[in-house]
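Trainee: So here's final.cif (mmCIF, N, CA and C atoms and all ligand atoms).
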```cif
data_entry
#
loop_
_atom_site.label_atom_id
_atom_site.label_comp_id
_atom_site.auth_asym_id
_atom_site.auth_seq_id
_atom_site.Cartn_x
_atom_site.Cartn_y
_atom_site.Cartn_z
N MET A 89 110.12 79.31 148.78
CA MET A 89 110.49 78.57 147.55
C MET A 89 110.74 77.10 147.91
N THR A 90 109.70 76.32 147.99
CA THR A 90 109.81 74.92 148.41
C THR A 90 110.80 74.17 147.51
N GLY A 91 111.62 73.36 148.14
CA GLY A 91 112.60 72.59 147.40
C GLY A 91 113.97 73.23 147.37
N ASN A 92 114.03 74.56 147.56
CA ASN A 92 115.31 75.25 147.48
C ASN A 92 115.77 75.83 148.82
N VAL A 93 115.07 75.45 149.88
CA VAL A 93 115.35 76.06 151.17
C VAL A 93 115.57 74.99 152.24
N THR A 94 116.53 75.23 153.12
CA THR A 94 116.68 74.38 154.30
C THR A 94 116.89 75.26 155.52
N PHE A 95 116.82 74.64 156.68
CA PHE A 95 117.01 75.36 157.93
C PHE A 95 118.16 74.72 158.69
N THR A 96 119.02 75.55 159.29
CA THR A 96 120.15 75.03 160.06
C THR A 96 120.29 75.74 161.39
N MET A 97 120.92 75.06 162.33
CA MET A 97 121.40 75.70 163.56
C MET A 97 122.85 75.28 163.75
N ILE A 98 123.71 76.25 164.09
CA ILE A 98 125.03 75.91 164.62
C ILE A 98 124.81 75.72 166.11
N LYS A 99 125.05 74.50 166.59
CA LYS A 99 124.63 74.11 167.94
C LYS A 99 125.60 74.62 169.01
N PRO A 100 125.18 74.58 170.29
CA PRO A 100 125.99 75.16 171.38
C PRO A 100 127.43 74.62 171.47
N ASP A 101 127.66 73.35 171.13
CA ASP A 101 129.05 72.84 171.23
C ASP A 101 129.96 73.54 170.22
N ALA A 102 129.47 73.75 169.00
CA ALA A 102 130.29 74.38 167.96
C ALA A 102 130.47 75.87 168.24
N VAL A 103 129.44 76.50 168.83
CA VAL A 103 129.56 77.91 169.21
C VAL A 103 130.62 78.03 170.32
N ARG A 104 130.52 77.18 171.34
CA ARG A 104 131.51 77.20 172.45
C ARG A 104 132.92 76.93 171.94
N GLY A 105 133.03 76.08 170.92
CA GLY A 105 134.34 75.73 170.38
C GLY A 105 134.94 76.80 169.48
N GLY A 106 134.17 77.85 169.20
CA GLY A 106 134.69 78.94 168.37
C GLY A 106 134.63 78.64 166.88
N HIS A 107 133.67 77.80 166.46
CA HIS A 107 133.64 77.35 165.07
C HIS A 107 132.58 78.03 164.20
N ILE A 108 131.92 79.08 164.70
CA ILE A 108 130.88 79.73 163.89
C ILE A 108 131.44 80.18 162.54
N GLY A 109 132.55 80.88 162.57
CA GLY A 109 133.12 81.44 161.33
C GLY A 109 133.49 80.35 160.34
N ALA A 110 134.15 79.30 160.82
CA ALA A 110 134.59 78.20 159.93
C ALA A 110 133.38 77.50 159.31
N ILE A 111 132.35 77.29 160.11
CA ILE A 111 131.16 76.59 159.60
C ILE A 111 130.42 77.47 158.59
N LEU A 112 130.29 78.77 158.88
CA LEU A 112 129.62 79.66 157.92
C LEU A 112 130.41 79.73 156.61
N LYS A 113 131.73 79.67 156.70
CA LYS A 113 132.54 79.69 155.47
C LYS A 113 132.28 78.42 154.65
N MET A 114 132.19 77.28 155.31
CA MET A 114 131.89 76.04 154.57
C MET A 114 130.52 76.13 153.90
N ILE A 115 129.55 76.73 154.62
CA ILE A 115 128.20 76.88 154.07
C ILE A 115 128.22 77.80 152.85
N ASN A 116 128.93 78.92 152.97
CA ASN A 116 129.06 79.84 151.83
C ASN A 116 129.77 79.19 150.67
N ASP A 117 130.88 78.52 150.94
CA ASP A 117 131.68 77.91 149.88
C ASP A 117 130.91 76.81 149.14
N ALA A 118 129.95 76.19 149.84
CA ALA A 118 129.14 75.13 149.20
C ALA A 118 128.00 75.72 148.37
N GLY A 119 127.89 77.04 148.34
CA GLY A 119 126.92 77.68 147.44
C GLY A 119 125.58 78.03 148.05
N PHE A 120 125.46 77.93 149.38
CA PHE A 120 124.20 78.30 150.04
C PHE A 120 124.16 79.80 150.25
N LYS A 121 122.99 80.40 150.00
CA LYS A 121 122.76 81.82 150.28
C LYS A 121 122.00 81.94 151.59
N ILE A 122 122.36 82.93 152.40
CA ILE A 122 121.71 83.12 153.70
C ILE A 122 120.48 84.01 153.51
N ARG A 123 119.31 83.47 153.80
CA ARG A 123 118.04 84.21 153.65
C ARG A 123 117.59 84.80 154.97
N ALA A 124 118.01 84.20 156.09
CA ALA A 124 117.69 84.70 157.43
C ALA A 124 118.74 84.16 158.37
N MET A 125 119.07 84.96 159.42
CA MET A 125 120.06 84.47 160.38
C MET A 125 119.92 85.19 161.71
N LYS A 126 120.06 84.44 162.82
CA LYS A 126 120.11 85.08 164.13
C LYS A 126 120.95 84.29 165.12
N TYR A 127 121.55 85.05 166.06
CA TYR A 127 122.33 84.50 167.17
C TYR A 127 121.42 84.57 168.38
N THR A 128 121.08 83.43 168.95
CA THR A 128 120.05 83.40 169.98
C THR A 128 120.26 82.21 170.89
N GLN A 129 119.49 82.13 171.96
CA GLN A 129 119.55 80.95 172.82
C GLN A 129 118.14 80.41 173.02
N LEU A 130 117.97 79.09 172.84
CA LEU A 130 116.67 78.45 173.03
C LEU A 130 116.43 78.23 174.51
N SER A 131 115.22 78.51 174.97
CA SER A 131 114.83 78.09 176.32
C SER A 131 114.63 76.58 176.28
N PRO A 132 114.66 75.90 177.44
CA PRO A 132 114.37 74.47 177.45
C PRO A 132 112.99 74.18 176.83
N GLU A 133 112.02 75.06 177.04
CA GLU A 133 110.68 74.87 176.47
C GLU A 133 110.72 74.91 174.94
N LYS A 134 111.43 75.91 174.40
CA LYS A 134 111.52 76.05 172.94
C LYS A 134 112.30 74.88 172.33
N ALA A 135 113.39 74.47 172.99
CA ALA A 135 114.18 73.34 172.48
C ALA A 135 113.33 72.07 172.49
N GLY A 136 112.54 71.89 173.55
CA GLY A 136 111.67 70.73 173.66
C GLY A 136 110.63 70.70 172.56
N GLU A 137 110.11 71.88 172.23
CA GLU A 137 109.11 72.00 171.17
C GLU A 137 109.75 71.72 169.80
N PHE A 138 110.94 72.27 169.58
CA PHE A 138 111.61 72.07 168.30
C PHE A 138 111.86 70.58 168.04
N TYR A 139 112.25 69.85 169.09
CA TYR A 139 112.59 68.42 168.95
C TYR A 139 111.48 67.50 169.40
N GLU A 140 110.26 68.01 169.42
CA GLU A 140 109.08 67.25 169.88
C GLU A 140 108.96 65.86 169.24
N VAL A 141 109.34 65.77 167.96
CA VAL A 141 109.25 64.50 167.23
C VAL A 141 110.10 63.40 167.89
N HIS A 142 111.11 63.80 168.67
CA HIS A 142 111.99 62.83 169.34
C HIS A 142 111.61 62.58 170.80
N LYS A 143 110.44 63.06 171.20
CA LYS A 143 110.01 63.03 172.59
C LYS A 143 110.13 61.66 173.26
N GLU A 144 109.83 60.61 172.51
CA GLU A 144 109.85 59.26 173.09
C GLU A 144 111.24 58.62 173.07
N ARG A 145 112.21 59.27 172.44
CA ARG A 145 113.55 58.68 172.35
C ARG A 145 114.27 58.82 173.69
N PRO A 146 115.16 57.86 174.00
CA PRO A 146 115.83 57.88 175.30
C PRO A 146 116.73 59.11 175.50
N PHE A 147 117.17 59.71 174.39
CA PHE A 147 118.10 60.84 174.51
C PHE A 147 117.40 62.20 174.52
N TYR A 148 116.06 62.22 174.54
CA TYR A 148 115.31 63.48 174.42
C TYR A 148 115.69 64.51 175.50
N GLY A 149 115.74 64.06 176.76
CA GLY A 149 116.06 64.98 177.86
C GLY A 149 117.44 65.60 177.70
N GLU A 150 118.38 64.77 177.36
CA GLU A 150 119.77 65.19 177.13
C GLU A 150 119.83 66.19 175.96
N LEU A 151 119.08 65.89 174.91
CA LEU A 151 119.05 66.72 173.70
C LEU A 151 118.50 68.12 174.02
N VAL A 152 117.41 68.15 174.76
CA VAL A 152 116.77 69.43 175.11
C VAL A 152 117.70 70.23 176.02
N SER A 153 118.33 69.56 176.97
CA SER A 153 119.22 70.25 177.88
C SER A 153 120.45 70.79 177.13
N PHE A 154 121.01 69.99 176.24
CA PHE A 154 122.16 70.45 175.43
C PHE A 154 121.78 71.61 174.53
N MET A 155 120.65 71.51 173.82
CA MET A 155 120.29 72.53 172.84
C MET A 155 119.92 73.87 173.49
N SER A 156 119.62 73.84 174.79
CA SER A 156 119.31 75.09 175.50
C SER A 156 120.47 75.53 176.39
N SER A 157 121.64 74.88 176.25
CA SER A 157 122.76 75.12 177.16
C SER A 157 123.61 76.34 176.81
N GLY A 158 123.36 76.93 175.66
CA GLY A 158 124.15 78.09 175.25
C GLY A 158 123.62 78.62 173.94
N PRO A 159 124.22 79.72 173.45
CA PRO A 159 123.72 80.31 172.21
C PRO A 159 123.92 79.41 171.00
N ILE A 160 123.05 79.64 170.02
CA ILE A 160 123.11 78.96 168.72
C ILE A 160 123.05 80.03 167.63
N VAL A 161 123.42 79.63 166.42
CA VAL A 161 123.15 80.46 165.25
C VAL A 161 122.09 79.71 164.44
N ALA A 162 120.96 80.35 164.22
CA ALA A 162 119.88 79.75 163.41
C ALA A 162 119.87 80.46 162.06
N ALA A 163 119.62 79.70 160.99
CA ALA A 163 119.61 80.32 159.66
C ALA A 163 118.73 79.57 158.69
N ILE A 164 118.14 80.32 157.76
CA ILE A 164 117.46 79.75 156.60
C ILE A 164 118.42 79.90 155.42
N LEU A 165 118.66 78.78 154.73
CA LEU A 165 119.62 78.75 153.63
C LEU A 165 118.92 78.41 152.33
N GLU A 166 119.39 79.00 151.25
CA GLU A 166 118.79 78.73 149.94
C GLU A 166 119.83 78.26 148.93
N LYS A 167 119.45 77.24 148.20
CA LYS A 167 120.30 76.67 147.15
C LYS A 167 119.43 75.66 146.42
N GLU A 168 119.71 75.38 145.18
CA GLU A 168 119.00 74.29 144.50
C GLU A 168 119.22 73.01 145.31
N ASN A 169 118.17 72.22 145.49
CA ASN A 169 118.31 70.93 146.20
C ASN A 169 118.86 71.10 147.62
N ALA A 170 118.39 72.15 148.30
CA ALA A 170 119.01 72.58 149.56
C ALA A 170 119.01 71.50 150.65
N VAL A 171 117.89 70.83 150.86
CA VAL A 171 117.79 69.88 151.97
C VAL A 171 118.82 68.76 151.81
N VAL A 172 118.82 68.14 150.64
CA VAL A 172 119.71 66.99 150.41
C VAL A 172 121.18 67.43 150.38
N ASP A 173 121.46 68.53 149.68
CA ASP A 173 122.85 68.98 149.59
C ASP A 173 123.39 69.40 150.96
N PHE A 174 122.53 69.98 151.79
CA PHE A 174 123.01 70.39 153.11
C PHE A 174 123.26 69.18 154.00
N ARG A 175 122.40 68.17 153.92
CA ARG A 175 122.63 66.93 154.69
C ARG A 175 123.97 66.30 154.26
N THR A 176 124.28 66.38 152.98
CA THR A 176 125.57 65.85 152.50
C THR A 176 126.72 66.67 153.08
N LEU A 177 126.56 67.98 153.11
CA LEU A 177 127.62 68.86 153.63
C LEU A 177 127.86 68.63 155.12
N ILE A 178 126.81 68.34 155.89
CA ILE A 178 127.01 68.18 157.35
C ILE A 178 127.47 66.78 157.72
N GLY A 179 127.09 65.75 156.97
CA GLY A 179 127.51 64.39 157.29
C GLY A 179 126.57 63.69 158.26
N ALA A 180 126.90 62.45 158.58
CA ALA A 180 126.03 61.60 159.41
C ALA A 180 125.83 62.17 160.81
N THR A 181 124.71 61.80 161.42
CA THR A 181 124.37 62.25 162.79
C THR A 181 125.52 61.96 163.75
N ASN A 182 126.07 60.74 163.66
CA ASN A 182 127.20 60.36 164.50
C ASN A 182 128.50 60.77 163.80
N PRO A 183 129.26 61.71 164.37
CA PRO A 183 130.46 62.19 163.68
C PRO A 183 131.48 61.09 163.39
N ALA A 184 131.42 60.02 164.19
CA ALA A 184 132.33 58.89 163.94
C ALA A 184 132.01 58.22 162.60
N GLU A 185 130.78 58.41 162.12
CA GLU A 185 130.36 57.82 160.85
C GLU A 185 130.28 58.86 159.73
N ALA A 186 130.58 60.11 160.04
CA ALA A 186 130.46 61.18 159.03
C ALA A 186 131.64 61.12 158.06
N GLU A 187 131.35 61.37 156.78
CA GLU A 187 132.41 61.40 155.75
C GLU A 187 133.46 62.45 156.11
N PRO A 188 134.73 62.13 155.84
CA PRO A 188 135.79 63.12 156.07
C PRO A 188 135.49 64.41 155.31
N GLY A 189 135.77 65.55 155.93
CA GLY A 189 135.55 66.83 155.27
C GLY A 189 134.17 67.40 155.50
N THR A 190 133.25 66.61 156.06
CA THR A 190 131.92 67.16 156.37
C THR A 190 132.00 68.00 157.65
N ILE A 191 131.01 68.86 157.83
CA ILE A 191 131.02 69.75 159.00
C ILE A 191 131.05 68.94 160.30
N ARG A 192 130.24 67.88 160.36
CA ARG A 192 130.22 67.09 161.61
C ARG A 192 131.53 66.33 161.81
N SER A 193 132.14 65.84 160.73
CA SER A 193 133.41 65.13 160.92
C SER A 193 134.47 66.09 161.44
N LEU A 194 134.37 67.35 161.07
CA LEU A 194 135.39 68.33 161.49
C LEU A 194 135.10 68.93 162.86
N TYR A 195 133.81 69.19 163.16
CA TYR A 195 133.51 70.02 164.33
C TYR A 195 132.60 69.40 165.38
N ALA A 196 131.98 68.24 165.11
CA ALA A 196 131.07 67.67 166.10
C ALA A 196 131.85 67.05 167.25
N THR A 197 131.20 67.02 168.41
CA THR A 197 131.81 66.47 169.62
C THR A 197 131.50 64.98 169.71
N ASN A 198 130.22 64.62 169.58
CA ASN A 198 129.77 63.22 169.62
C ASN A 198 128.37 63.17 169.02
N VAL A 199 127.72 61.98 169.07
CA VAL A 199 126.43 61.83 168.40
C VAL A 199 125.36 62.77 168.96
N GLY A 200 125.46 63.10 170.22
CA GLY A 200 124.47 63.97 170.85
C GLY A 200 124.80 65.45 170.66
N GLU A 201 126.07 65.77 170.61
CA GLU A 201 126.52 67.16 170.49
C GLU A 201 127.25 67.27 169.16
N ASN A 202 126.44 67.41 168.10
CA ASN A 202 127.02 67.20 166.77
C ASN A 202 127.07 68.45 165.89
N ALA A 203 127.34 69.58 166.51
CA ALA A 203 127.77 70.82 165.83
C ALA A 203 126.71 71.55 165.00
N VAL A 204 125.91 70.82 164.24
CA VAL A 204 124.94 71.48 163.37
C VAL A 204 123.66 70.68 163.22
N HIS A 205 122.59 71.41 162.95
CA HIS A 205 121.31 70.81 162.57
C HIS A 205 121.10 71.05 161.08
N GLY A 206 120.43 70.12 160.41
CA GLY A 206 119.98 70.33 159.05
C GLY A 206 118.61 69.68 158.89
N SER A 207 117.66 70.39 158.27
CA SER A 207 116.32 69.83 158.05
C SER A 207 116.41 68.54 157.25
N ASP A 208 115.45 67.62 157.51
CA ASP A 208 115.48 66.33 156.82
C ASP A 208 114.47 66.22 155.68
N SER A 209 113.65 67.26 155.45
CA SER A 209 112.70 67.24 154.34
C SER A 209 112.31 68.68 154.01
N ASP A 210 111.76 68.88 152.82
CA ASP A 210 111.29 70.22 152.44
C ASP A 210 110.21 70.70 153.40
N GLU A 211 109.33 69.77 153.78
CA GLU A 211 108.24 70.13 154.69
C GLU A 211 108.80 70.60 156.04
N ASN A 212 109.75 69.86 156.58
CA ASN A 212 110.32 70.26 157.87
C ASN A 212 111.17 71.52 157.76
N ALA A 213 111.78 71.75 156.60
CA ALA A 213 112.53 73.00 156.40
C ALA A 213 111.60 74.20 156.55
N GLN A 214 110.39 74.09 156.00
CA GLN A 214 109.41 75.18 156.13
C GLN A 214 108.98 75.35 157.58
N ILE A 215 108.64 74.22 158.22
CA ILE A 215 108.17 74.26 159.61
C ILE A 215 109.25 74.84 160.53
N GLU A 216 110.47 74.39 160.36
CA GLU A 216 111.57 74.83 161.23
C GLU A 216 111.95 76.28 160.98
N GLY A 217 111.94 76.71 159.71
CA GLY A 217 112.21 78.10 159.40
C GLY A 217 111.14 79.00 160.02
N ASN A 218 109.88 78.57 159.92
CA ASN A 218 108.78 79.35 160.50
C ASN A 218 108.84 79.39 162.02
N PHE A 219 109.40 78.35 162.62
CA PHE A 219 109.54 78.27 164.08
C PHE A 219 110.47 79.38 164.59
N HIS A 220 111.48 79.72 163.79
CA HIS A 220 112.53 80.66 164.24
C HIS A 220 112.43 82.05 163.66
N PHE A 221 111.78 82.22 162.51
CA PHE A 221 111.83 83.51 161.82
C PHE A 221 110.47 84.02 161.37
N ALA A 222 110.25 85.31 161.61
CA ALA A 222 109.09 86.00 161.05
C ALA A 222 109.39 86.34 159.59
N GLN A 223 108.35 86.64 158.81
CA GLN A 223 108.54 87.01 157.40
C GLN A 223 109.43 88.25 157.28
N THR A 224 109.30 89.17 158.24
CA THR A 224 110.09 90.42 158.17
C THR A 224 111.57 90.20 158.47
N GLU A 225 111.93 89.00 158.91
CA GLU A 225 113.34 88.70 159.21
C GLU A 225 114.02 87.95 158.06
N ARG A 226 113.31 87.83 156.92
CA ARG A 226 113.86 87.08 155.78
C ARG A 226 114.17 88.02 154.62
N PHE A 227 115.27 87.73 153.94
CA PHE A 227 115.72 88.61 152.85
C PHE A 227 116.10 87.82 151.62
P1 LIG A 301 119.96 64.56 162.67
O1 LIG A 301 120.33 65.73 163.54
O2 LIG A 301 121.14 64.04 161.91
O3 LIG A 301 118.78 64.83 161.78
P2 LIG A 301 118.16 62.99 164.30
O4 LIG A 301 117.07 63.81 163.72
O5 LIG A 301 118.03 61.51 164.23
O6 LIG A 301 119.57 63.36 163.65
O7 LIG A 301 118.36 63.36 165.83
C1 LIG A 301 118.26 64.71 166.25
C2 LIG A 301 119.35 64.99 167.23
O8 LIG A 301 119.19 64.15 168.38
C3 LIG A 301 120.77 64.68 166.73
O9 LIG A 301 121.30 65.71 165.95
C4 LIG A 301 121.50 64.48 168.02
C5 LIG A 301 120.47 63.78 168.89
N1 LIG A 301 120.64 62.32 168.80
C6 LIG A 301 120.29 61.52 167.78
N2 LIG A 301 120.59 60.24 168.00
C7 LIG A 301 121.19 60.22 169.23
C8 LIG A 301 121.74 59.20 170.05
N3 LIG A 301 121.76 57.92 169.65
N4 LIG A 301 122.26 59.55 171.25
C9 LIG A 301 122.23 60.84 171.67
N5 LIG A 301 121.72 61.86 170.94
C10 LIG A 301 121.20 61.56 169.74
MG MG A 302 116.82 65.20 162.22
#
```
As structure tokens - that is how I would like this structure written.
Mentor:
Amino acid sequence: MTGNVTFTMIKPDAVRGGHIGAILKMINDAGFKIRAMKYTQLSPEKAGEFYEVHKERPFYGELVSFMSSGPIVAAILEKENAVVDFRTLIGATNPAEAEPGTIRSLYATNVGENAVHGSDSDENAQIEGNFHFAQTERF
């Protein structure tokens, strides 16, 4: 359902910090429905592929190493206006600039280890959801 779906990951820093439950509660309370979910760990190869668009950025190596450093929770979420509303719920990439009350302002460590991922477009939400989930894993 293009336009109503986004993709998220609870990143290794937030998992290590014990924040899975609190973050999922914020996601539920904001009206998102969970269409798919798994607890998994990305290999460095898979993390590199997921963030391929950032390959030329100076932080790419650090990003790949961090994202493969421990388990994550990956999920497909559904809500009207999902991509934009979820970006609002998570806050700015740099938690120092994130609005108070956003997931990143509450749980992110720093700009590189920022607690959650959220798709930036409907097109990428589809691509990222397909990267992590088979059709039989969606409900
Ligand atoms: P977002 O995750 O808000 O969409 P992005 O797509 O620009 O941000 O970057 C992807 C991830 O890369 C981001 O969540 C954390 C990392 N990152 C971005 N900018 C960074 C920086 N200046 N230093 C270190 N890591 C950075
Ligand atoms: Mg992004």
Trainee: Just need the box for stretch 115-127 of chain A, edges along x, y and z, holding every atom the file lists for it with 4 Å tacked onto each side, so centre and edge lengths in Å to one decimal, as AutoDock Vina command-line options.
Mentor:
```
--center_x 124.6 --center_y 80.2 --center_z 157.9 --size_x 22.1 --size_y 18.1 --size_z 28.9
```
Trainee: Taking a cut-off of 9 Å and counting only C-alpha atoms and all ligand atoms, can you build a table that, for each residue of chain A near ligand MG 302 (chain A), reports the nearest atom pair and how far apart they are in Å (one decimal), sorted by chain then residue number, as a tab-separated table?
Mentor:
```
residue	atom	partner	partner_atom	distance
A:Tyr139	CA	A:MG302	MG	8.6
A:His142	CA	A:MG302	MG	8.9
A:Thr181	CA	A:MG302	MG	8.1
A:His205	CA	A:MG302	MG	7.2
A:Gly206	CA	A:MG302	MG	6.8
A:Ser207	CA	A:MG302	MG	6.3
A:Asp208	CA	A:MG302	MG	5.7
```
Trainee: Expressed in Å to a single decimal, how great is the separation between atom CA of A:Ala184 and atom N of A:Thr197?
Mentor: 9.3 Å
Trainee: All residues within 12 Å of ligand LIG 301 (chain A) are required, counting only C-alpha atoms and all ligand atoms; please report them as a ChimeraX atom specification.
Mentor: /A:95-101,135-136,138-155,171-172,174-183,185-186,191-192,196-209,212-213
Trainee: Quick one, how far is atom CA of A:Thr128 from atom CA of A:Gly158?
Mentor: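 Atom-to-atom, atom CA of A:Thr128 and atom CA of A:Gly158 are spaced 8.5 Å apart.
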